[in-house]
$ cat target-v1.tsv   # TSV, C-alpha atoms
chain	number	residue	atom	x	y	z
T	1	MET	CA	143.82	27.14	190.02
T	2	ASN	CA	143.14	23.39	189.65
T	3	LYS	CA	145.95	20.96	190.37
T	4	PRO	CA	146.89	18.65	187.48
T	5	GLN	CA	145.21	15.24	187.62
T	6	ILE	CA	147.54	12.53	188.95
T	7	THR	CA	148.05	9.36	186.94
T	8	ILE	CA	148.83	5.73	187.71
T	9	LYS	CA	152.48	6.46	186.88
T	10	ASP	CA	152.50	9.31	189.42
T	11	ILE	CA	151.18	7.00	192.14
T	12	ALA	CA	153.71	4.31	191.20
T	13	LYS	CA	156.59	6.77	191.39
T	14	ALA	CA	155.45	8.18	194.72
T	15	LEU	CA	155.08	4.75	196.36
T	16	ASN	CA	158.08	3.13	194.62
T	17	VAL	CA	156.06	0.37	192.93
T	18	SER	CA	155.40	-0.51	189.30
T	19	PRO	CA	152.48	1.00	187.34
T	20	SER	CA	151.04	-2.49	186.82
T	21	THR	CA	151.01	-3.02	190.61
T	22	VAL	CA	149.09	0.25	191.03
T	23	SER	CA	146.64	-0.74	188.30
T	24	ARG	CA	145.95	-4.11	189.89
T	25	ALA	CA	145.66	-2.63	193.39
T	26	LEU	CA	143.10	-0.08	192.22
T	27	LYS	CA	141.05	-3.02	190.88
T	28	ASN	CA	141.48	-4.83	194.24
T	29	ASN	CA	143.32	-7.70	192.58
T	30	PRO	CA	144.00	-10.37	195.26
T	31	ASP	CA	147.46	-11.03	193.76
T	32	ILE	CA	148.53	-7.76	195.41
T	33	SER	CA	148.97	-7.89	199.19
T	34	GLU	CA	146.26	-6.25	201.31
T	35	GLU	CA	148.77	-3.83	202.80
T	36	THR	CA	149.97	-2.68	199.37
T	37	ARG	CA	146.40	-2.37	198.09
T	38	ASN	CA	145.43	-0.26	201.09
T	39	ASN	CA	148.47	2.01	200.73
T	40	ILE	CA	147.81	2.58	197.03
T	41	ASN	CA	144.07	3.14	197.39
T	42	ASP	CA	144.60	5.51	200.34
T	43	TYR	CA	147.14	7.52	198.33
T	44	ALA	CA	144.84	7.60	195.28
T	45	HIS	CA	141.89	8.78	197.40
T	46	LYS	CA	143.96	11.40	199.24
T	47	HIS	CA	145.24	12.86	195.95
T	48	ASN	CA	141.84	12.69	194.23
T	49	TYR	CA	142.89	10.16	191.56
T	50	LYS	CA	140.33	9.66	188.79
T	51	PRO	CA	140.58	6.98	186.08
T	52	ASN	CA	141.23	8.28	182.58
T	53	GLU	CA	137.87	7.63	180.87
T	54	LEU	CA	139.32	7.96	177.37
T	55	ALA	CA	142.02	5.38	178.16
T	56	LEU	CA	139.40	3.07	179.66
T	57	ASN	CA	137.27	3.34	176.54
T	58	LEU	CA	140.26	2.56	174.35
T	59	ARG	CA	141.09	-0.50	176.43
T	60	THR	CA	137.58	-1.88	176.34
T	61	SER	CA	136.96	-1.29	172.64
T	62	ARG	CA	137.73	-4.71	171.15
T	63	SER	CA	139.36	-5.36	167.81
T	64	ASN	CA	139.58	-8.66	165.97
T	65	THR	CA	143.39	-8.56	165.72
T	66	ILE	CA	145.61	-10.99	167.63
T	67	GLY	CA	149.28	-10.26	168.30
T	68	VAL	CA	151.74	-13.16	167.95
T	69	ILE	CA	155.33	-13.11	169.26
T	70	ILE	CA	157.82	-15.50	167.64
T	71	PRO	CA	161.36	-15.76	169.12
T	72	GLN	CA	162.94	-16.44	165.69
T	73	PHE	CA	161.36	-17.03	162.29
T	74	VAL	CA	164.29	-19.17	161.11
T	75	HIS	CA	163.35	-22.08	163.38
T	76	HIS	CA	161.18	-24.67	161.66
T	77	PHE	CA	159.19	-25.27	164.86
T	78	PHE	CA	158.11	-21.64	165.20
T	79	SER	CA	157.13	-21.41	161.52
T	80	CYS	CA	154.96	-24.51	162.02
T	81	VAL	CA	153.36	-22.93	165.11
T	82	LEU	CA	152.59	-19.80	163.09
T	83	ASP	CA	151.05	-21.93	160.33
T	84	GLY	CA	148.65	-23.48	162.85
T	85	ILE	CA	147.74	-20.09	164.34
T	86	GLU	CA	147.10	-18.45	160.95
T	87	GLU	CA	144.91	-21.26	159.67
T	88	ILE	CA	142.53	-21.26	162.65
T	89	ALA	CA	142.54	-17.45	163.00
T	90	SER	CA	141.53	-16.99	159.36
T	91	LYS	CA	138.68	-19.52	159.61
T	92	SER	CA	137.45	-17.85	162.80
T	93	GLY	CA	137.41	-14.28	161.45
T	94	TYR	CA	140.50	-12.96	163.25
T	95	ASN	CA	143.49	-11.12	161.83
T	96	ILE	CA	146.99	-11.59	163.21
T	97	ILE	CA	150.03	-9.36	163.43
T	98	VAL	CA	153.33	-11.19	163.93
T	99	ALA	CA	156.51	-9.84	165.50
T	100	GLN	CA	159.91	-11.42	166.10
T	101	SER	CA	161.68	-10.81	169.43
T	102	ASN	CA	164.92	-12.19	167.99
T	103	GLU	CA	165.61	-13.67	171.45
T	104	GLU	CA	165.93	-10.17	173.00
T	105	TYR	CA	164.06	-9.14	176.15
T	106	GLU	CA	164.08	-5.40	175.36
T	107	ARG	CA	162.71	-6.04	171.89
T	108	GLU	CA	160.01	-8.27	173.37
T	109	VAL	CA	158.94	-5.46	175.74
T	110	LYS	CA	158.67	-3.02	172.83
T	111	ILE	CA	156.55	-5.51	170.88
T	112	VAL	CA	154.14	-5.87	173.80
T	113	HIS	CA	153.81	-2.10	174.11
T	114	THR	CA	153.17	-1.86	170.36
T	115	PHE	CA	150.44	-4.49	170.70
T	116	LEU	CA	148.92	-2.45	173.53
T	117	ALA	CA	148.95	0.70	171.42
T	118	SER	CA	147.44	-1.24	168.51
T	119	ARG	CA	144.61	-2.42	170.79
T	120	VAL	CA	144.95	-6.10	169.93
T	121	CYS	CA	142.25	-8.31	171.41
T	122	GLY	CA	144.67	-11.02	172.54
T	123	VAL	CA	148.30	-12.16	172.43
T	124	ILE	CA	150.01	-15.49	171.75
T	125	ALA	CA	153.66	-15.50	172.83
T	126	SER	CA	156.80	-17.57	173.35
T	127	LEU	CA	159.49	-16.04	175.56
T	128	ALA	CA	162.85	-14.79	174.34
T	129	LYS	CA	165.79	-16.72	175.81
T	130	ASP	CA	166.87	-13.91	178.14
T	131	THR	CA	163.40	-12.92	179.40
T	132	SER	CA	163.21	-13.30	183.17
T	133	HIS	CA	160.96	-10.31	184.05
T	134	TYR	CA	157.31	-10.37	183.09
T	135	GLU	CA	155.83	-6.96	183.96
T	136	HIS	CA	155.13	-6.24	180.28
T	137	TYR	CA	152.94	-9.34	180.04
T	138	GLN	CA	151.15	-8.48	183.28
T	139	GLU	CA	150.43	-5.08	181.74
T	140	LEU	CA	148.50	-6.84	178.96
T	141	LEU	CA	146.36	-8.70	181.50
T	142	ASP	CA	145.82	-5.46	183.44
T	143	ASN	CA	144.35	-4.02	180.25
T	144	ASN	CA	142.03	-7.03	179.84
T	145	ILE	CA	144.05	-8.49	176.96
T	146	PRO	CA	144.27	-12.27	177.39
T	147	ILE	CA	147.53	-14.13	176.71
T	148	VAL	CA	148.34	-17.69	175.72
T	149	PHE	CA	151.97	-18.74	176.07
T	150	TYR	CA	153.38	-21.56	173.97
T	151	ASP	CA	156.61	-23.60	174.11
T	152	ARG	CA	158.70	-21.21	176.23
T	153	ILE	CA	156.09	-20.42	178.79
T	154	CYS	CA	155.99	-17.85	181.58
T	155	THR	CA	155.30	-19.28	185.03
T	156	GLY	CA	155.31	-15.80	186.58
T	157	VAL	CA	152.01	-14.79	184.92
T	158	ASN	CA	148.80	-16.69	185.60
T	159	THR	CA	147.39	-17.44	182.16
T	160	GLU	CA	146.86	-20.21	179.58
T	161	ARG	CA	149.80	-22.23	178.21
T	162	VAL	CA	150.45	-24.75	175.47
T	163	VAL	CA	153.57	-26.91	175.71
T	164	VAL	CA	154.88	-30.07	174.14
T	165	ASP	CA	155.62	-32.94	176.50
T	166	ASP	CA	159.29	-31.99	176.83
T	167	TYR	CA	159.96	-34.36	179.72
T	168	ALA	CA	158.52	-37.44	178.01
T	169	GLY	CA	160.24	-36.59	174.72
T	170	ALA	CA	163.64	-36.24	176.38
T	171	PHE	CA	163.18	-39.38	178.46
T	172	ALA	CA	162.23	-41.47	175.41
T	173	ALA	CA	165.19	-40.18	173.38
T	174	VAL	CA	167.79	-40.78	176.08
T	175	GLU	CA	166.35	-44.16	177.03
T	176	TYR	CA	166.55	-45.28	173.39
T	177	MET	CA	170.20	-44.18	173.18
T	178	ILE	CA	171.01	-46.12	176.35
T	179	GLN	CA	169.18	-49.21	175.12
T	180	THR	CA	171.19	-49.12	171.88
T	181	GLY	CA	174.51	-49.09	173.73
T	182	CYS	CA	175.35	-45.54	174.88
T	183	LYS	CA	176.90	-45.31	178.35
T	184	ARG	CA	178.07	-41.67	178.54
T	185	ILE	CA	175.52	-39.25	177.08
T	186	PHE	CA	175.99	-35.48	177.20
T	187	TYR	CA	173.05	-33.05	177.28
T	188	TYR	CA	173.34	-29.72	175.45
T	189	SER	CA	170.73	-27.42	177.02
T	190	ALA	CA	169.06	-24.06	176.53
T	191	PRO	CA	169.55	-21.54	179.39
T	192	PHE	CA	168.44	-23.22	182.61
T	193	HIS	CA	165.77	-20.63	183.56
T	194	LEU	CA	163.61	-21.70	180.61
T	195	GLU	CA	160.95	-24.27	181.45
T	196	ILE	CA	161.71	-26.32	178.32
T	197	ALA	CA	165.34	-26.63	179.42
T	198	LYS	CA	164.30	-27.74	182.92
T	199	ASN	CA	161.79	-30.30	181.66
T	200	ARG	CA	164.10	-31.80	179.03
T	201	ARG	CA	166.93	-31.89	181.56
T	202	ASN	CA	164.69	-33.76	184.02
T	203	GLY	CA	163.76	-36.26	181.30
T	204	TYR	CA	167.44	-36.78	180.50
T	205	LEU	CA	168.39	-37.20	184.16
T	206	ASP	CA	165.57	-39.61	184.96
T	207	ALA	CA	166.42	-41.83	181.99
T	208	MET	CA	170.05	-41.92	183.11
T	209	ARG	CA	169.00	-42.71	186.70
T	210	LYS	CA	166.69	-45.49	185.52
T	211	TYR	CA	169.69	-47.28	184.03
T	212	LYS	CA	171.99	-46.31	186.93
T	213	ILE	CA	174.29	-44.21	184.75
T	214	HIS	CA	176.18	-41.54	186.69
T	215	VAL	CA	175.84	-37.93	185.50
T	216	ASP	CA	178.39	-35.30	186.55
T	217	ASP	CA	178.20	-31.55	185.96
T	218	SER	CA	180.58	-31.72	182.99
T	219	MET	CA	178.01	-33.76	181.04
T	220	ILE	CA	175.43	-30.93	180.91
T	221	LYS	CA	176.31	-27.85	178.86
T	222	VAL	CA	174.43	-24.63	178.13
T	223	CYS	CA	174.68	-24.78	174.35
T	224	ASP	CA	171.66	-24.31	172.10
T	225	THR	CA	172.93	-23.16	168.69
T	226	ARG	CA	174.87	-24.84	165.89
T	227	GLU	CA	177.69	-22.31	166.25
T	228	GLN	CA	178.05	-22.91	169.98
T	229	ALA	CA	178.06	-26.68	169.45
T	230	ILE	CA	180.82	-26.43	166.85
T	231	GLY	CA	182.73	-24.24	169.30
T	232	ILE	CA	182.71	-26.56	172.34
T	233	THR	CA	182.33	-30.10	170.98
T	234	PRO	CA	185.85	-30.69	169.52
T	235	ASP	CA	187.51	-30.26	172.94
T	236	ILE	CA	184.95	-32.58	174.54
T	237	LEU	CA	185.65	-35.23	171.90
T	238	GLU	CA	189.38	-35.06	172.66
T	239	SER	CA	188.90	-35.89	176.36
T	240	VAL	CA	189.93	-39.31	177.68
T	241	ASP	CA	186.38	-40.15	178.76
T	242	ARG	CA	184.70	-38.67	175.69
T	243	PRO	CA	180.93	-39.17	175.31
T	244	ASP	CA	179.47	-41.89	173.12
T	245	GLY	CA	176.16	-40.04	172.85
T	246	PHE	CA	174.72	-36.51	172.70
T	247	PHE	CA	171.17	-35.38	173.38
T	248	ALA	CA	170.62	-31.81	172.14
T	249	ILE	CA	167.92	-29.28	173.01
T	250	ASN	CA	167.19	-28.72	169.29
T	251	ASP	CA	168.12	-29.95	165.82
T	252	GLU	CA	170.34	-26.95	165.07
T	253	THR	CA	172.57	-27.83	168.02
T	254	ALA	CA	172.51	-31.51	167.09
T	255	SER	CA	173.68	-30.65	163.57
T	256	GLY	CA	176.64	-28.75	165.05
T	257	ILE	CA	177.55	-31.80	167.14
T	258	LEU	CA	177.33	-34.02	164.05
T	259	TYR	CA	179.58	-31.67	162.08
T	260	SER	CA	182.18	-31.68	164.88
T	261	CYS	CA	182.17	-35.46	165.19
T	262	LYS	CA	182.68	-35.94	161.45
T	263	LEU	CA	185.42	-33.30	161.46
T	264	VAL	CA	187.54	-35.38	163.87
T	265	GLY	CA	186.83	-38.59	162.00
T	266	LEU	CA	184.35	-40.31	164.32
T	267	LYS	CA	181.87	-42.70	162.76
T	268	ILE	CA	178.17	-41.88	163.25
T	269	PRO	CA	176.42	-43.77	164.81
T	270	GLU	CA	178.98	-46.56	165.35
T	271	GLU	CA	181.18	-44.46	167.67
T	272	VAL	CA	178.87	-41.60	168.67
T	273	SER	CA	175.05	-41.39	168.69
T	274	ILE	CA	173.29	-38.01	168.35
T	275	CYS	CA	169.65	-37.03	168.96
T	276	GLY	CA	168.02	-33.64	168.46
T	277	PHE	CA	164.61	-32.15	169.26
T	278	SER	CA	162.07	-30.63	166.83
T	279	ASP	CA	162.15	-32.66	163.57
T	280	GLY	CA	162.46	-29.74	161.21
T	281	ILE	CA	164.12	-29.39	157.82
T	282	ILE	CA	167.60	-29.64	159.33
T	283	ALA	CA	166.91	-33.12	160.73
T	284	GLN	CA	166.24	-34.43	157.23
T	285	SER	CA	169.07	-32.52	155.54
T	286	THR	CA	172.10	-33.80	157.48
T	287	ASP	CA	174.22	-36.82	156.49
T	288	PRO	CA	173.25	-39.09	158.10
T	289	LYS	CA	169.76	-37.79	158.85
T	290	LEU	CA	169.11	-36.87	162.48
T	291	THR	CA	167.28	-38.96	165.01
T	292	THR	CA	165.07	-36.43	166.79
T	293	VAL	CA	161.95	-35.80	168.86
T	294	GLU	CA	159.01	-34.52	166.81
T	295	GLN	CA	157.27	-31.52	168.44
T	296	HIS	CA	154.17	-31.16	166.23
T	297	GLY	CA	154.48	-27.37	165.96
T	298	LYS	CA	151.33	-26.88	163.91
T	299	GLU	CA	149.28	-28.64	166.58
T	300	VAL	CA	150.85	-26.36	169.22
T	301	GLY	CA	149.77	-23.31	167.18
T	302	GLU	CA	146.26	-24.65	166.67
T	303	SER	CA	145.89	-25.37	170.40
T	304	ALA	CA	147.15	-21.89	171.33
T	305	ILE	CA	144.78	-20.00	169.00
T	306	ASN	CA	141.81	-22.18	170.01
T	307	LEU	CA	142.47	-21.47	173.70
T	308	LEU	CA	142.68	-17.75	173.01
T	309	ILE	CA	139.50	-17.66	170.90
T	310	ASP	CA	137.64	-19.59	173.61
T	311	LYS	CA	138.78	-16.93	176.08
T	312	LEU	CA	137.82	-14.03	173.80
T	313	GLU	CA	134.39	-15.46	173.03
T	314	ASN	CA	133.67	-16.62	176.59
T	315	LYS	CA	133.28	-20.24	175.57
T	316	ASN	CA	134.63	-21.44	178.92
T	317	SER	CA	131.92	-21.81	181.55
T	318	ASP	CA	134.39	-20.73	184.24
T	319	GLU	CA	136.21	-17.60	183.04
T	320	LYS	CA	138.67	-17.70	185.95
T	321	ARG	CA	139.81	-21.22	185.17
T	322	ILE	CA	143.24	-21.47	183.56
T	323	ASN	CA	143.37	-24.05	180.76
T	324	ASN	CA	146.69	-25.65	179.79
T	325	ARG	CA	147.35	-28.01	176.90
T	326	ILE	CA	150.14	-30.58	176.51
T	327	VAL	CA	150.97	-31.79	173.00
T	328	LYS	CA	152.49	-35.26	172.85
T	329	THR	CA	155.88	-35.88	171.22
T	330	ASN	CA	157.26	-38.91	169.43
T	331	LEU	CA	160.77	-40.18	168.74
T	332	VAL	CA	161.78	-40.30	165.06
T	333	ILE	CA	164.68	-42.73	164.59
T	334	ARG	CA	167.07	-42.04	161.74
T	335	GLY	CA	170.75	-42.47	160.94
T	336	THR	CA	172.50	-40.72	163.84
T	337	THR	CA	171.57	-43.42	166.34
T	338	LYS	CA	172.02	-47.21	166.22
$ encode --input "target-v1.tsv" --output "structure tokens"
Amino acid sequence: MNKPQITIKDIAKALNVSPSTVSRALKNNPDISEETRNNINDYAHKHNYKPNELALNLRTSRSNTIGVIIPQFVHHFFSCVLDGIEEIASKSGYNIIVAQSNEEYEREVKIVHTFLASRVCGVIASLAKDTSHYEHYQELLDNNIPIVFYDRICTGVNTERVVVDDYAGAFAAVEYMIQTGCKRIFYYSAPFHLEIAKNRRNGYLDAMRKYKIHVDDSMIKVCDTREQAIGITPDILESVDRPDGFFAINDETASGILYSCKLVGLKIPEEVSICGFSDGIIAQSTDPKLTTVEQHGKEVGESAINLLIDKLENKNSDEKRINNRIVKTNLVIRGTTK
């Protein structure tokens, strides 16, 4: 009686590694250590492993559908990114399917697996806030599905990325606030593991250093929603050494800071300056209107889809070369700064 055919999952379970590690090792991917590759290939040979031909055929049959992952539709920036993606995709003969992770890692993983089952030809994605493991994205690459990350990029997977110049945008914003009289500027950040949070934090810190302004830990807060800003800002404003400026990771957070300042009777911008990041609808709807850093979301989307199409249609002379794009930002000065 014939023994049942072992699968990649069987090998992974037996050797206590992930299925994606097994898949890459069987393809002799140099990202996997030689010792691990040898162990996996020896085990596969010993147990007469054979690739599933039907699965291979499914993986290699290409569609013209691209999967797009948006963290949240409500953000103006992400809707602008999607606008750029859709416009280029339509002109180039590609369809897109869009899914929202709603800032949840588990939901993001399910979306990726749905894209795999749907046999998309490529994926454009921005990470959910709590995503810190990337096996699901590696699984796409293992199935020859190229990825382009945008905005919240993944440094743990070697693939194309499109980002705005977060560092330069933050530096310009904070420098302007200092030059117009601010001496104690707080930074409200996204979770620190996100690259955008790191880059904007570095821009903030370097601007403060340039003007020899001391920054202590209390001046940097993990706070990236309007609700969170309304929750923590009143107590900060009551402190003896209250800030005279706030630089926020996004416009939603900046609007929460503005609301809190007005609630306690502070004059904007005479007593407190506020700057956001994005330049969406919120920035032009507050009173006064928000000074902010414009991200050019549509250009980010256009760059991401063009990179992916180049990859799909082999327009790059060197297929192994990773292409990254940086979209410039600009400071938009309005009523919340002097």
$ residues_around --input "target-v1.tsv" --residues "Ile32 of chain T" --least-positions-apart "3" --cutoff "12 Å" --atoms "all atoms listed in the file" --output "PDB file with C-alpha atoms, in the coordinates of the input"
ATOM      1  CA  VAL T  17     156.060   0.370 192.930  1.00  0.00           C
ATOM      2  CA  SER T  18     155.400  -0.510 189.300  1.00  0.00           C
ATOM      3  CA  SER T  20     151.040  -2.490 186.820  1.00  0.00           C
ATOM      4  CA  THR T  21     151.010  -3.020 190.610  1.00  0.00           C
ATOM      5  CA  VAL T  22     149.090   0.250 191.030  1.00  0.00           C
ATOM      6  CA  SER T  23     146.640  -0.740 188.300  1.00  0.00           C
ATOM      7  CA  ARG T  24     145.950  -4.110 189.890  1.00  0.00           C
ATOM      8  CA  ALA T  25     145.660  -2.630 193.390  1.00  0.00           C
ATOM      9  CA  LEU T  26     143.100  -0.080 192.220  1.00  0.00           C
ATOM     10  CA  LYS T  27     141.050  -3.020 190.880  1.00  0.00           C
ATOM     11  CA  ASN T  28     141.480  -4.830 194.240  1.00  0.00           C
ATOM     12  CA  ASN T  29     143.320  -7.700 192.580  1.00  0.00           C
ATOM     13  CA  GLU T  35     148.770  -3.830 202.800  1.00  0.00           C
ATOM     14  CA  THR T  36     149.970  -2.680 199.370  1.00  0.00           C
ATOM     15  CA  ARG T  37     146.400  -2.370 198.090  1.00  0.00           C
ATOM     16  CA  ASN T  38     145.430  -0.260 201.090  1.00  0.00           C
ATOM     17  CA  ASN T  39     148.470   2.010 200.730  1.00  0.00           C
ATOM     18  CA  ILE T  40     147.810   2.580 197.030  1.00  0.00           C
ATOM     19  CA  ASN T  41     144.070   3.140 197.390  1.00  0.00           C
TER      20      ASN T  41
END
$ residues_around --input "target-v1.tsv" --residues "segment 248-255 of chain T" --least-positions-apart "3" --cutoff "10 Å" --atoms "all atoms listed in the file" --output "ChimeraX atom specification"
/T:75-77,166,170,186-190,196-197,200-201,221-230,245,258-261,274-287,289-293,336
$ closest_residue --input "target-v1.tsv" --among "T:Asn323, T:Thr233, T:Gln5, T:Ser273" --to "Lys50 of chain T" --atoms "only C-alpha atoms"
T:Gln5
$ residues_around --input "target-v1.tsv" --residues "segment 153-159 of chain T" --least-positions-apart "2" --cutoff "10 Å" --atoms "all atoms listed in the file" --output "short mmCIF file (atom, residue, chain, number, x, y, z; two decimals) with C-alpha atoms, in the frame of the given file"
data_model
loop_
_atom_site.label_atom_id
_atom_site.label_comp_id
_atom_site.auth_asym_id
_atom_site.auth_seq_id
_atom_site.Cartn_x
_atom_site.Cartn_y
_atom_site.Cartn_z
CA ALA T 125 153.66 -15.50 172.83
CA SER T 126 156.80 -17.57 173.35
CA LEU T 127 159.49 -16.04 175.56
CA ALA T 128 162.85 -14.79 174.34
CA THR T 131 163.40 -12.92 179.40
CA SER T 132 163.21 -13.30 183.17
CA HIS T 133 160.96 -10.31 184.05
CA TYR T 134 157.31 -10.37 183.09
CA GLU T 135 155.83 -6.96 183.96
CA TYR T 137 152.94 -9.34 180.04
CA GLN T 138 151.15 -8.48 183.28
CA LEU T 141 146.36 -8.70 181.50
CA PRO T 146 144.27 -12.27 177.39
CA ILE T 147 147.53 -14.13 176.71
CA VAL T 148 148.34 -17.69 175.72
CA PHE T 149 151.97 -18.74 176.07
CA TYR T 150 153.38 -21.56 173.97
CA ASP T 151 156.61 -23.60 174.11
CA ARG T 161 149.80 -22.23 178.21
CA VAL T 162 150.45 -24.75 175.47
CA VAL T 163 153.57 -26.91 175.71
CA LEU T 194 163.61 -21.70 180.61
CA GLU T 195 160.95 -24.27 181.45
CA ILE T 196 161.71 -26.32 178.32
CA LYS T 320 138.67 -17.70 185.95
CA ARG T 321 139.81 -21.22 185.17
CA ILE T 322 143.24 -21.47 183.56
CA ASN T 323 143.37 -24.05 180.76
CA ASN T 324 146.69 -25.65 179.79
#
$ residues_around --input "target-v1.tsv" --residues "His296 of chain T" --least-positions-apart "5" --cutoff "9 Å" --atoms "all atoms listed in the file" --output "MDAnalysis selection string"
chainID T and resid 77 80:81 164 278:279 327:330
$ closest_residue --input "target-v1.tsv" --among "T:Asp130, T:Asp216, T:Asp206, T:Asp165" --to "Pro191 of chain T" --atoms "all atoms listed in the file"
T:Asp130
$ closest_residue --input "target-v1.tsv" --among "T:Ser92, T:Ser118, T:Asn102, T:Ser218" --to "Asp310 of chain T" --atoms "all atoms listed in the file"
T:Ser92
$ residues_around --input "target-v1.tsv" --residues "Tyr204 of chain T" --least-positions-apart "3" --cutoff "10 Å" --atoms "only C-alpha atoms" --output "compact mmCIF listing (two decimals) with C-alpha atoms, in the frame of the given file"
# COMPACT_ATOMS: atom_id res chain seq x y z
CA TYR T 167 159.96 -34.36 179.72
CA ALA T 168 158.52 -37.44 178.01
CA GLY T 169 160.24 -36.59 174.72
CA ALA T 170 163.64 -36.24 176.38
CA PHE T 171 163.18 -39.38 178.46
CA ALA T 172 162.23 -41.47 175.41
CA ALA T 173 165.19 -40.18 173.38
CA VAL T 174 167.79 -40.78 176.08
CA GLU T 175 166.35 -44.16 177.03
CA ILE T 185 175.52 -39.25 177.08
CA PHE T 186 175.99 -35.48 177.20
CA TYR T 187 173.05 -33.05 177.28
CA LYS T 198 164.30 -27.74 182.92
CA ASN T 199 161.79 -30.30 181.66
CA ARG T 200 164.10 -31.80 179.03
CA ARG T 201 166.93 -31.89 181.56
CA ALA T 207 166.42 -41.83 181.99
CA MET T 208 170.05 -41.92 183.11
CA ARG T 209 169.00 -42.71 186.70
CA VAL T 215 175.84 -37.93 185.50
CA ILE T 220 175.43 -30.93 180.91
CA PHE T 247 171.17 -35.38 173.38
$ closest_residue --input "target-v1.tsv" --among "T:Ser33, T:Asn48, T:Gln179, T:Gln295" --to "Tyr211 of chain T" --atoms "all atoms listed in the file"
T:Gln179
$ atom_distance --input "target-v1.tsv" --atom1 "atom CA of Arg119 of chain T" --atom2 "atom CA of Asn143 of chain T"
9.6 Å
$ atom_distance --input "target-v1.tsv" --atom1 "atom CA of Lys338 of chain T" --atom2 "atom CA of Ile213 of chain T"
18.9 Å
$ closest_residue --input "target-v1.tsv" --among "T:Lys298, T:Lys311, T:Arg334, T:Lys46" --to "Ile268 of chain T" --atoms "only C-alpha atoms"
T:Arg334
$ atom_distance --input "target-v1.tsv" --atom1 "atom CA of Gly297 of chain T" --atom2 "atom CA of Ile85 of chain T"
10.1 Å
$ closest_residue --input "target-v1.tsv" --among "T:Glu313, T:Asp31, T:Asp142, T:Asp42" --to "Tyr94 of chain T" --atoms "all atoms listed in the file"
T:Glu313
